[in-house]
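Participant: Below you'll find the structure I mean.
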Amino acid sequence: MRGNVSETKWLTVTAITFTLTAITISAYALKRKWNNLNSKIEELETSLKSCSEKCASERQGRIRAQQALREEVTKSQPQSQNLNLTCYPMMPIGIVHSCFSTRNGTPRQPLLVPLARACLVFNTTRVPPASLEGLEEYSHCWILYVFHLNTDLEKLWKHPSKSGFKAKVRVPRLKGGRKGVFATRSPHRPCPIGLTVAKVEAVQGNMVLLSGVDLVDGTPVLDLKPYLPYCDSIREATVPNWLTEDNLLSVASISLSEDFTSALENCWIMAEKKSLYASPSEFQSLIKQVLSWDIRSLSQRNRPHDALLKKENDASDVDEHQNETLVHEREQNGINSNEIVYHLILEGLDVSYRIDHDGNVIVENISPAVQDNKRSLFNYLTWKDKMQ
């Protein structure tokens, strides 16, 4: 009996010894693994620190290189009478294909003509289509563009003392009264850059379909940004009293001649293929929306000119700056404003109309324009498919 007890104790001690030995070995192995892990972590931290320092150094190097490049560019710019001209890398990234063939008739402000449509086509070499991903989630967008049809652009390259730049411009709502250019939205500015907002109808590849635009066909675009109501809409904003008068430039009524509808249907046979509109009736609605505002220039409203002798749109598509040089000539014309035929060019179609002293518009005829703008053959089916 005593032998069995001793043997049992011996076995127990042996088992405990083996267990402790195994635990010791496991602890040693875990310790080695832990030390190796710590060592690797330290190596990774050292490597990460080195990479961060390298990136920071490279960034500083790039900044210094960019600064040096700007300095060299500034030095290399031509100097005129001690005036340093600094240029920045800005080029158009897209072109607007709009329903407005000429400046005359293009709305003075955005969203005044909801049916005014345009297709903004981006240059894919500068703007990959992926750049537009997510834009369709916004209802509106801001557009920065160039007033490329200003007739005085060449003057801006001259020295300010010789450029003839006018600090004050005539304001349509003030019937010729002048305000400082920065208190207006005149296109004649020291830097001819425009800012507008438009409704985003659809995004397709490298194209953005817009509505409510105030952009003439062929307008170069510099940038596009989404409209953010929470910060772009300012409830406390105020404006001068002369801007608070409603319907100052609106017309009294619009009527169509008996032959206008049939003339539009005849023109539509050729215009349909490249139109942004799905039907003649929709295009007719566009005409009414555009002519619901008095689109004539100040000189045309105040001093009627001999438009009967010129069917082309040259006289109605000049700058207010040019209009001032024609004042004397127009004052000598004794034509009644009711007799004058004005012209509105939309999508290469010439819409002729009259307007009487009471602001009643009579749309008389429509025909292909004599000088049709080169337009993009952007098919209206793009709009039709989007609407369905």
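Just so we're on the same page: first chain in the structure tokens is A, next is B, and so on; residues restart at 1 for each chain, and ligands are numbered from 1 in the order they show up.
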Using DSSP on the backbone coordinates, identify all residues within region 105-300 of chain A classified as strand (DSSP E); present the result as a PyMOL selection string.

Facilitator: chain A and resi 117-122+140-146+168-170+178-180+193-204+207-211+220-226+253-256

Participant: List as a compact mmCIF listing (two decimals) with N, CA and C atoms, in the first residue's frame the protein and nucleic acid residues near Ala271 (chain A), meaning an atom at most 9 Å away when only C-alpha atoms are counted, but skip any in the same chain fewer than 5 places from it.

Facilitator:
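Ended up saving to result39.txt:
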```txt
# COMPACT_ATOMS: atom_id res chain seq x y z
N GLU A 347 -30.66 79.40 -82.22
CA GLU A 347 -30.29 78.16 -82.90
C GLU A 347 -30.22 78.34 -84.42
N GLY A 348 -29.70 79.49 -84.84
CA GLY A 348 -29.54 79.74 -86.26
C GLY A 348 -30.80 80.14 -86.97
N LEU A 349 -31.89 80.40 -86.23
CA LEU A 349 -33.14 80.85 -86.84
C LEU A 349 -33.37 82.32 -86.48
N PRO A 368 -34.38 80.95 -91.66
CA PRO A 368 -32.97 80.66 -91.39
C PRO A 368 -32.15 81.94 -91.38
```

Participant: Measuring atom to atom with only C-alpha atoms, identify which of A:Ile63, A:Cys141, A:Leu37, A:Met207 is nearest to Lys225 (chain A).

Facilitator: A:Cys141

Participant: What is the CA of Met91 (chain A)-CA of Ala130 (chain A) distance in Å, reported with one decimal?

Facilitator: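 Spanning CA of Met91 (chain A) to CA of Ala130 (chain A) is a straight-line distance of 19.4 Å.
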
Participant: Set the distance at 9 Å and use only C-alpha atoms: which residues neighbour region 93-108 of chain A once local chain neighbours fewer than 4 positions away are removed? I'd like the list as a PyMOL selection string.

Facilitator: chain A and resi 112-113+116-127+149+185+213-223+275-276+290-291+293-297+313+316-318+343-349+372-376+378

Participant: Just how far from CA of Asp152 (chain A) is CA of Lys168 (chain A), in Å to one decimal?

Facilitator: 15.1 Å

Participant: With only C-alpha atoms as the basis for distance, which of A:Gly205, A:Pro110, A:Gly359, A:Pro92 is at the shortest distance from His140 (chain A)?

Facilitator: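 Closest to His140 (chain A), using only C-alpha atoms: A:Pro110.
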
Participant: At what distance in Å, to one decimal, does CA of Phe283 (chain A) lie from CA of Leu264 (chain A)?

Facilitator: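 Those two atoms sit 9.0 Å apart.
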
Participant: Do a neighbour search on Val361 (chain A) at 10 Å with only C-alpha atoms, toss out local chain neighbours closer than 4 positions, and write the hits as a PyMOL selection string.

Facilitator: chain A and resi 251-256+288+291-294+338+353-357

Participant: Could you list, as a ChimeraX atom specification, every residue within 10 Å of Cys191 (chain A), counting only C-alpha atoms and ignoring same-chain residues fewer than 5 positions away?

Facilitator: /A:146-147,153,156

Participant: Using DSSP on the backbone coordinates, identify all residues within region 65-265 of chain A classified as alpha helix (DSSP H); present the result as number ranges by chain.

Facilitator: A: 65-76, 229-232, 260-265

Participant: Find the residue from A:Ser186, A:Ala237, A:Trp268, A:Val370 that sits nearest to Pro172 (chain A); use only C-alpha atoms when measuring.

Facilitator: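 Using only C-alpha atoms, Pro172 (chain A) sits closest to A:Ser186.
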
Participant: Have a look at A:Leu69, A:Val181, A:Leu135, A:Leu224 and name the one nearest to Glu201 (chain A); count only C-alpha atoms.

Facilitator: A:Leu135
